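What follows is the content of start-v3.pdb (PDB, C-alpha atoms, pLDDT in the B column).
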```
MODEL        1
ATOM      1  CA  MET E1298      21.792  -8.116  17.581  1.00 61.00           C
ATOM      2  CA  GLY E1299      19.823 -11.168  18.593  1.00 72.00           C
ATOM      3  CA  ALA E1300      18.987 -13.781  16.008  1.00 72.00           C
ATOM      4  CA  SER E1301      15.235 -13.461  16.563  1.00 84.00           C
ATOM      5  CA  SER E1302      15.343  -9.681  16.086  1.00 92.00           C
ATOM      6  CA  ALA E1303      17.390 -10.089  12.903  1.00 93.00           C
ATOM      7  CA  MET E1304      14.929 -12.663  11.570  1.00 95.00           C
ATOM      8  CA  ALA E1305      11.989 -10.384  12.430  1.00 96.00           C
ATOM      9  CA  ARG E1306      13.706  -7.663  10.416  1.00 96.00           C
ATOM     10  CA  ALA E1307      14.307 -10.076   7.521  1.00 96.00           C
ATOM     11  CA  THR E1308      10.628 -11.029   7.632  1.00 97.00           C
ATOM     12  CA  ALA E1309       9.582  -7.369   7.558  1.00 97.00           C
ATOM     13  CA  LEU E1310      11.887  -6.711   4.599  1.00 96.00           C
ATOM     14  CA  GLY E1311      10.534  -9.774   2.789  1.00 96.00           C
ATOM     15  CA  LEU E1312       6.936  -8.663   3.340  1.00 97.00           C
ATOM     16  CA  ALA E1313       7.787  -5.174   2.064  1.00 96.00           C
ATOM     17  CA  THR E1314       9.546  -6.613  -0.987  1.00 95.00           C
ATOM     18  CA  GLY E1315       6.525  -8.788  -1.722  1.00 95.00           C
ATOM     19  CA  ALA E1316       4.508  -5.598  -2.016  1.00 92.00           C
ATOM     20  CA  ARG E1317       7.185  -3.606  -3.880  1.00 91.00           C
ATOM     21  CA  SER E1318      10.007  -5.651  -5.387  1.00 89.00           C
ATOM     22  CA  THR E1319      12.377  -2.677  -5.471  1.00 89.00           C
ATOM     23  CA  LEU E1320      12.330  -2.459  -1.663  1.00 90.00           C
ATOM     24  CA  GLY E1321      14.776  -5.365  -1.563  1.00 89.00           C
ATOM     25  CA  SER E1322      17.382  -2.651  -2.130  1.00 87.00           C
ATOM     26  CA  ALA E1323      16.472  -0.874   1.126  1.00 86.00           C
ATOM     27  CA  PRO E1324      19.571  -2.103   3.047  1.00 85.00           C
ATOM     28  CA  LEU E1325      21.738  -0.316   0.463  1.00 84.00           C
ATOM     29  CA  TRP E1326      20.172   3.082   1.075  1.00 80.00           C
ATOM     30  CA  PRO E1327      22.389   4.124   4.013  1.00 77.00           C
ATOM     31  CA  VAL E1328      25.585   3.463   2.022  1.00 75.00           C
ATOM     32  CA  SER E1329      24.510   4.680  -1.421  1.00 76.00           C
ATOM     33  CA  GLY E1330      25.351   8.354  -1.254  1.00 79.00           C
ATOM     34  CA  LYS E1331      23.052  11.088  -2.492  1.00 84.00           C
ATOM     35  CA  VAL E1332      23.015  10.044  -6.161  1.00 84.00           C
ATOM     36  CA  GLY E1333      22.555   6.368  -5.292  1.00 78.00           C
ATOM     37  CA  ARG E1334      19.683   7.106  -2.905  1.00 78.00           C
ATOM     38  CA  THR E1335      18.058   9.282  -5.548  1.00 84.00           C
ATOM     39  CA  LEU E1336      18.269   6.452  -8.098  1.00 84.00           C
ATOM     40  CA  LEU E1337      16.960   3.887  -5.600  1.00 80.00           C
ATOM     41  CA  ALA E1338      14.089   6.184  -4.629  1.00 81.00           C
ATOM     42  CA  ALA E1339      13.279   6.761  -8.302  1.00 86.00           C
ATOM     43  CA  SER E1340      13.083   3.012  -8.905  1.00 82.00           C
ATOM     44  CA  VAL E1341      10.730   2.537  -5.942  1.00 79.00           C
ATOM     45  CA  LEU E1342       8.610   5.489  -7.093  1.00 81.00           C
ATOM     46  CA  GLY E1343       8.531   4.113 -10.631  1.00 79.00           C
ATOM     47  CA  GLU E1344       7.326   0.725  -9.425  1.00 77.00           C
ATOM     48  CA  ALA E1345       4.742   2.275  -7.113  1.00 73.00           C
ATOM     49  CA  THR E1346       3.428   4.427  -9.959  1.00 77.00           C
ATOM     50  CA  GLY E1347       3.443   1.623 -12.509  1.00 73.00           C
ATOM     51  CA  ASP E1348       1.549  -0.650 -10.150  1.00 68.00           C
ATOM     52  CA  LYS E1349      -1.471   1.651 -10.393  1.00 67.00           C
ATOM     53  CA  VAL E1350      -1.680   1.286 -14.187  1.00 69.00           C
ATOM     54  CA  PRO E1351      -4.374  -1.116 -15.425  1.00 73.00           C
ATOM     55  CA  GLY E1352      -3.099  -4.162 -17.281  1.00 74.00           C
ATOM     56  CA  ILE E1353       0.107  -4.618 -15.264  1.00 75.00           C
ATOM     57  CA  PRO E1354       0.696  -8.375 -14.703  1.00 75.00           C
ATOM     58  CA  SER E1355      -0.174  -9.732 -11.271  1.00 77.00           C
ATOM     59  CA  ARG E1356       2.573  -9.679  -8.686  1.00 81.00           C
ATOM     60  CA  THR E1357       1.537 -13.208  -7.739  1.00 83.00           C
ATOM     61  CA  ALA E1358       2.200 -14.583 -11.252  1.00 83.00           C
ATOM     62  CA  GLY E1359       5.174 -16.957 -11.435  1.00 85.00           C
ATOM     63  CA  PRO E1360       7.888 -14.707 -12.940  1.00 88.00           C
ATOM     64  CA  SER E1361       6.885 -11.695 -10.858  1.00 88.00           C
ATOM     65  CA  LEU E1362       6.788 -13.733  -7.659  1.00 93.00           C
ATOM     66  CA  ALA E1363      10.187 -15.269  -8.413  1.00 94.00           C
ATOM     67  CA  ALA E1364      11.693 -11.816  -9.001  1.00 92.00           C
ATOM     68  CA  ARG E1365      10.242 -10.589  -5.702  1.00 93.00           C
ATOM     69  CA  ALA E1366      11.663 -13.591  -3.849  1.00 96.00           C
ATOM     70  CA  LEU E1367      15.085 -13.018  -5.428  1.00 94.00           C
ATOM     71  CA  SER E1368      15.004  -9.322  -4.551  1.00 93.00           C
ATOM     72  CA  ALA E1369      13.886 -10.100  -0.987  1.00 95.00           C
ATOM     73  CA  GLY E1370      16.560 -12.771  -0.568  1.00 95.00           C
ATOM     74  CA  THR E1371      19.273 -10.429  -1.778  1.00 93.00           C
ATOM     75  CA  GLY E1372      17.986  -7.684   0.490  1.00 93.00           C
ATOM     76  CA  GLY E1373      17.792 -10.109   3.414  1.00 94.00           C
ATOM     77  CA  ALA E1374      21.438 -11.099   2.919  1.00 94.00           C
ATOM     78  CA  LEU E1375      22.493  -7.430   2.736  1.00 92.00           C
ATOM     79  CA  LEU E1376      20.456  -6.680   5.852  1.00 93.00           C
ATOM     80  CA  ALA E1377      22.091  -9.545   7.765  1.00 94.00           C
ATOM     81  CA  ARG E1378      25.500  -8.411   6.653  1.00 92.00           C
ATOM     82  CA  GLY E1379      24.783  -4.951   8.031  1.00 91.00           C
ATOM     83  CA  LEU E1380      23.496  -6.441  11.284  1.00 92.00           C
ATOM     84  CA  GLY E1381      26.324  -8.940  11.621  1.00 92.00           C
ATOM     85  CA  THR E1382      24.063 -12.014  11.518  1.00 93.00           C
ATOM     86  CA  SER E1383      23.645 -15.061   9.268  1.00 92.00           C
ATOM     87  CA  THR E1384      23.284 -13.976   5.649  1.00 93.00           C
ATOM     88  CA  VAL E1385      21.994 -17.348   4.447  1.00 96.00           C
ATOM     89  CA  LEU E1386      19.242 -17.631   7.050  1.00 96.00           C
ATOM     90  CA  SER E1387      18.191 -14.005   6.624  1.00 95.00           C
ATOM     91  CA  ALA E1388      18.086 -14.391   2.839  1.00 96.00           C
ATOM     92  CA  LEU E1389      15.911 -17.503   3.125  1.00 97.00           C
ATOM     93  CA  VAL E1390      13.537 -15.886   5.631  1.00 97.00           C
ATOM     94  CA  ALA E1391      13.144 -12.717   3.548  1.00 97.00           C
ATOM     95  CA  ALA E1392      12.622 -14.696   0.339  1.00 97.00           C
ATOM     96  CA  ALA E1393      10.028 -16.915   2.041  1.00 98.00           C
ATOM     97  CA  ALA E1394       8.142 -13.875   3.385  1.00 98.00           C
ATOM     98  CA  SER E1395       7.912 -12.107   0.020  1.00 97.00           C
ATOM     99  CA  PRO E1396       5.059 -14.228  -1.438  1.00 97.00           C
ATOM    100  CA  VAL E1397       3.087 -13.549   1.745  1.00 97.00           C
ATOM    101  CA  GLY E1398       3.621  -9.816   1.255  1.00 97.00           C
ATOM    102  CA  ALA E1399       2.585 -10.084  -2.392  1.00 95.00           C
ATOM    103  CA  ALA E1400      -0.590 -12.005  -1.531  1.00 96.00           C
ATOM    104  CA  ALA E1401      -1.408  -9.619   1.318  1.00 96.00           C
ATOM    105  CA  GLY E1402      -1.063  -6.648  -1.027  1.00 94.00           C
ATOM    106  CA  VAL E1403      -3.339  -8.250  -3.608  1.00 93.00           C
ATOM    107  CA  GLY E1404      -5.867  -9.073  -0.891  1.00 96.00           C
ATOM    108  CA  TRP E1405      -5.748  -5.531   0.469  1.00 95.00           C
ATOM    109  CA  ARG E1406      -6.259  -4.023  -2.970  1.00 91.00           C
ATOM    110  CA  ARG E1407      -9.173  -6.387  -3.675  1.00 94.00           C
ATOM    111  CA  TYR E1408     -10.786  -5.401  -0.365  1.00 97.00           C
ATOM    112  CA  TRP E1409     -10.154  -1.683  -0.886  1.00 96.00           C
ATOM    113  CA  ASN E1410     -11.466  -1.706  -4.451  1.00 93.00           C
ATOM    114  CA  GLY E1411     -14.755  -3.110  -3.162  1.00 96.00           C
ATOM    115  CA  THR E1412     -15.290  -0.207  -0.759  1.00 96.00           C
ATOM    116  CA  GLY E1413     -16.207   2.345  -3.417  1.00 95.00           C
ATOM    117  CA  ARG E1414     -13.298   4.586  -2.414  1.00 96.00           C
ATOM    118  CA  PRO E1415     -10.738   5.776  -4.988  1.00 94.00           C
ATOM    119  CA  THR E1416      -8.610   2.789  -5.992  1.00 89.00           C
ATOM    120  CA  TRP E1417      -5.439   4.883  -6.197  1.00 88.00           C
ATOM    121  CA  LEU E1418      -5.796   5.727  -2.512  1.00 93.00           C
ATOM    122  CA  GLY E1419      -5.730   2.026  -1.604  1.00 93.00           C
ATOM    123  CA  GLY E1420      -2.495   1.735  -3.564  1.00 89.00           C
ATOM    124  CA  VAL E1421      -0.961   4.695  -1.770  1.00 90.00           C
ATOM    125  CA  ILE E1422      -1.886   3.172   1.601  1.00 94.00           C
ATOM    126  CA  GLU E1423      -0.300  -0.113   0.524  1.00 93.00           C
ATOM    127  CA  ASP E1424       2.851   1.737  -0.577  1.00 91.00           C
ATOM    128  CA  ALA E1425       3.065   3.521   2.776  1.00 93.00           C
ATOM    129  CA  CYS E1426       2.778   0.208   4.637  1.00 95.00           C
ATOM    130  CA  ALA E1427       5.483  -1.390   2.478  1.00 94.00           C
ATOM    131  CA  LEU E1428       7.812   1.573   2.998  1.00 91.00           C
ATOM    132  CA  ALA E1429       7.178   1.484   6.755  1.00 95.00           C
ATOM    133  CA  LEU E1430       8.048  -2.229   6.863  1.00 96.00           C
ATOM    134  CA  ALA E1431      11.270  -1.673   4.901  1.00 94.00           C
ATOM    135  CA  ARG E1432      12.217   1.292   7.066  1.00 92.00           C
ATOM    136  CA  THR E1433      11.586  -0.700  10.232  1.00 94.00           C
ATOM    137  CA  ALA E1434      13.648  -3.601   8.896  1.00 94.00           C
ATOM    138  CA  CYS E1435      16.596  -1.338   8.108  1.00 92.00           C
ATOM    139  CA  ARG E1436      16.365   0.927  11.144  1.00 91.00           C
ATOM    140  CA  GLY E1437      19.775   1.608  12.648  1.00 87.00           C
ATOM    141  CA  LEU E1438      21.877   0.329   9.771  1.00 86.00           C
ATOM    142  CA  GLY E1439      24.957   2.488   9.763  1.00 70.00           C
ATOM    143  CA  THR E1440      26.803   3.974   6.853  1.00 49.00           C
ATOM    144  CA  ASP E1441      29.232   1.050   7.007  1.00 45.00           C
ATOM    145  CA  ALA E1442      26.475  -1.607   6.866  1.00 42.00           C
ATOM    146  CA  SER E1443      27.433  -3.085   3.496  1.00 42.00           C
ATOM    147  CA  ALA E1444      31.135  -3.092   4.325  1.00 42.00           C
ATOM    148  CA  ARG E1445      30.784  -5.685   7.088  1.00 42.00           C
ATOM    149  CA  GLY E1446      31.683  -9.213   6.205  1.00 41.00           C
TER     150      GLY E1446
ENDMDL
END
```

Spit out the file's structure as structure tokens when you get a sec.
Amino acid sequence: MGASSAMARATALGLATGARSTLGSAPLWPVSGKVGRTLLAASVLGEATGDKVPGIPSRTAGPSLAARALSAGTGGALLARGLGTSTVLSALVAAAASPVGAAAGVGWRRYWNGTGRPTWLGGVIEDACALALARTACRGLGTDASARG
């Protein structure tokens, strides 16, 4: 795996995690087993559902943004480990990309909400984009991805 491809994947994972903080766990999915994948999917679904509830704090607020960066950095390190590349660099790239993903999601939702279309649909589209980014980032990780050192 080339370094630039690995960093592109880390960026994609960071962007996805900026939109949905639980997607930082995506590199664990191939090695989690059926129960683990079910629990990880439930956490992503819970966050995606909760995000549609009015009154939820902004994802760009300090504590939320820090949690997203931490989740993205952890996911970036796990991704790099599975790809056999630099964990430190991948963690930093993913963490740095997460605020961009958070801001992009907020911007998208602001735009969508001004169109007069159902607001929940804009959220579902955002969720689909975040999941696609995480899936692309983790494409090809084998079942032994987290066992590499």

Using all atoms listed in the file, which residues sit within 9 Å of Leu1320 in chain E once same-chain residues fewer than 3 positions away are excluded, as an mmCIF file with C-alpha atoms, in the frame of the given file?
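Saved to selection.cif:
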```cif
data_model
loop_
_atom_site.group_PDB
_atom_site.id
_atom_site.type_symbol
_atom_site.label_atom_id
_atom_site.label_comp_id
_atom_site.auth_asym_id
_atom_site.auth_seq_id
_atom_site.Cartn_x
_atom_site.Cartn_y
_atom_site.Cartn_z
ATOM 1 C CA LEU E 1310 11.887 -6.711 4.599
ATOM 2 C CA GLY E 1311 10.534 -9.774 2.789
ATOM 3 C CA ALA E 1313 7.787 -5.174 2.064
ATOM 4 C CA THR E 1314 9.546 -6.613 -0.987
ATOM 5 C CA GLY E 1315 6.525 -8.788 -1.722
ATOM 6 C CA ALA E 1316 4.508 -5.598 -2.016
ATOM 7 C CA ARG E 1317 7.185 -3.606 -3.880
ATOM 8 C CA ALA E 1323 16.472 -0.874 1.126
ATOM 9 C CA PRO E 1324 19.571 -2.103 3.047
ATOM 10 C CA LEU E 1337 16.960 3.887 -5.600
ATOM 11 C CA VAL E 1341 10.730 2.537 -5.942
ATOM 12 C CA SER E 1368 15.004 -9.322 -4.551
ATOM 13 C CA ALA E 1369 13.886 -10.100 -0.987
ATOM 14 C CA GLY E 1372 17.986 -7.684 0.490
ATOM 15 C CA ALA E 1427 5.483 -1.390 2.478
ATOM 16 C CA LEU E 1428 7.812 1.573 2.998
ATOM 17 C CA ALA E 1431 11.270 -1.673 4.901
#
```

Evaluate the PyMOL selection byres ((chain E and resi 1305) around 12) here and jot the selected residues down as a ChimeraX atom specification. /E:1298-1304,1306-1312,1373,1376-1377,1386-1387,1390-1391,1394,1430-1431,1433-1435

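As for CA of Thr1382 in chain E and CA of Leu1367 in chain E, they are spaced 19.2 Å apart.
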
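Pairwise distance (CA of Trp1326 in chain E, CA of Ala1364 in chain E) equals 19.9 Å.
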
In Å to one decimal, how far is CA of Cys1426 in chain E from CA of Pro1327 in chain E? 20.0 Å

Test item: axis-aligned box, all listed atoms of range 1377-1391 of chain E, 8 Å on each side, centre and edges in Å rounded to one decimal, as JSON:
```
{"center_x": 19.7, "center_y": -11.3, "center_z": 7.2, "size_x": 29.2, "size_y": 28.7, "size_z": 24.8}
```

Of the residues E:Pro1354, E:Gly1413, E:Gly1379, E:Ser1340, which is the one nearest to Val1328 in chain E, using only C-alpha atoms? E:Gly1379

Applied to the shown file, which residues does the PyMOL selection byres ((chain E and resi 1400) around 12) return, written as a VMD selection string? chain E and resid 1312 to 1317 1355 to 1358 1361 to 1362 1365 1394 to 1399 1401 to 1407

Just range 1344-1423 of chain E from the block, C-alpha atoms, as a short mmCIF file (atom, residue, chain, number, x, y, z; two decimals), in the first residue's frame, could you?
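File written: decode.cif
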```cif
data_model
loop_
_atom_site.label_atom_id
_atom_site.label_comp_id
_atom_site.auth_asym_id
_atom_site.auth_seq_id
_atom_site.Cartn_x
_atom_site.Cartn_y
_atom_site.Cartn_z
CA GLU E 1344 -25.86 8.33 16.69
CA ALA E 1345 -27.47 8.80 13.29
CA THR E 1346 -30.93 8.70 14.86
CA GLY E 1347 -30.02 10.97 17.76
CA ASP E 1348 -28.54 13.53 15.40
CA LYS E 1349 -31.99 14.17 13.95
CA VAL E 1350 -33.45 15.12 17.35
CA PRO E 1351 -33.84 18.87 17.94
CA GLY E 1352 -31.75 20.30 20.76
CA ILE E 1353 -28.73 18.01 20.29
CA PRO E 1354 -25.52 20.06 20.83
CA SER E 1355 -23.64 21.10 17.71
CA ARG E 1356 -21.00 18.72 16.44
CA THR E 1357 -18.73 21.72 15.96
CA ALA E 1358 -18.86 22.69 19.66
CA GLY E 1359 -15.55 22.20 21.49
CA PRO E 1360 -16.19 18.94 23.40
CA SER E 1361 -18.01 17.30 20.49
CA LEU E 1362 -15.30 18.29 18.03
CA ALA E 1363 -12.58 17.00 20.35
CA ALA E 1364 -14.37 13.66 20.72
CA ARG E 1365 -14.69 13.39 16.93
CA ALA E 1366 -10.99 14.13 16.47
CA LEU E 1367 -10.07 11.52 19.09
CA SER E 1368 -12.34 8.93 17.47
CA ALA E 1369 -10.95 9.75 14.01
CA GLY E 1370 -7.36 9.58 15.25
CA THR E 1371 -7.94 6.21 16.88
CA GLY E 1372 -9.66 4.94 13.75
CA GLY E 1373 -6.85 6.30 11.58
CA ALA E 1374 -4.25 4.43 13.65
CA LEU E 1375 -6.29 1.20 13.43
CA LEU E 1376 -6.69 1.70 9.68
CA ALA E 1377 -2.94 2.19 9.22
CA ARG E 1378 -2.23 -0.87 11.29
CA GLY E 1379 -4.49 -2.90 9.03
CA LEU E 1380 -2.83 -1.44 5.94
CA GLY E 1381 0.70 -1.82 7.27
CA THR E 1382 1.50 1.91 7.16
CA SER E 1383 2.46 4.61 9.67
CA THR E 1384 -0.03 4.66 12.54
CA VAL E 1385 1.09 8.05 13.85
CA LEU E 1386 0.78 9.84 10.51
CA SER E 1387 -2.54 8.19 9.70
CA ALA E 1388 -3.92 9.09 13.14
CA LEU E 1389 -2.87 12.72 12.71
CA VAL E 1390 -4.33 12.96 9.20
CA ALA E 1391 -7.65 11.40 10.23
CA ALA E 1392 -7.91 13.59 13.33
CA ALA E 1393 -7.14 16.71 11.28
CA ALA E 1394 -9.79 15.80 8.69
CA SER E 1395 -12.57 15.26 11.23
CA PRO E 1396 -13.35 18.96 11.89
CA VAL E 1397 -13.63 19.45 8.13
CA GLY E 1398 -16.14 16.60 7.97
CA ALA E 1399 -18.08 18.06 10.89
CA ALA E 1400 -18.21 21.52 9.31
CA ALA E 1401 -19.16 20.07 5.92
CA GLY E 1402 -22.02 18.15 7.51
CA VAL E 1403 -23.30 21.25 9.29
CA GLY E 1404 -23.04 23.23 6.06
CA TRP E 1405 -24.89 20.54 4.12
CA ARG E 1406 -27.68 20.38 6.68
CA ARG E 1407 -28.00 24.19 6.69
CA TYR E 1408 -28.24 24.19 2.89
CA TRP E 1409 -30.69 21.29 2.79
CA ASN E 1410 -32.93 22.76 5.49
CA GLY E 1411 -33.30 25.89 3.36
CA THR E 1412 -34.64 23.95 0.37
CA GLY E 1413 -38.07 23.27 1.85
CA ARG E 1414 -37.54 19.51 1.59
CA PRO E 1415 -37.98 17.23 4.63
CA THR E 1416 -35.07 17.88 7.00
CA TRP E 1417 -34.79 14.21 7.96
CA LEU E 1418 -34.05 13.35 4.33
CA GLY E 1419 -31.04 15.69 4.35
CA GLY E 1420 -29.79 13.85 7.42
CA VAL E 1421 -30.22 10.47 5.77
CA ILE E 1422 -28.28 11.68 2.71
CA GLU E 1423 -25.51 12.93 5.00
#
```
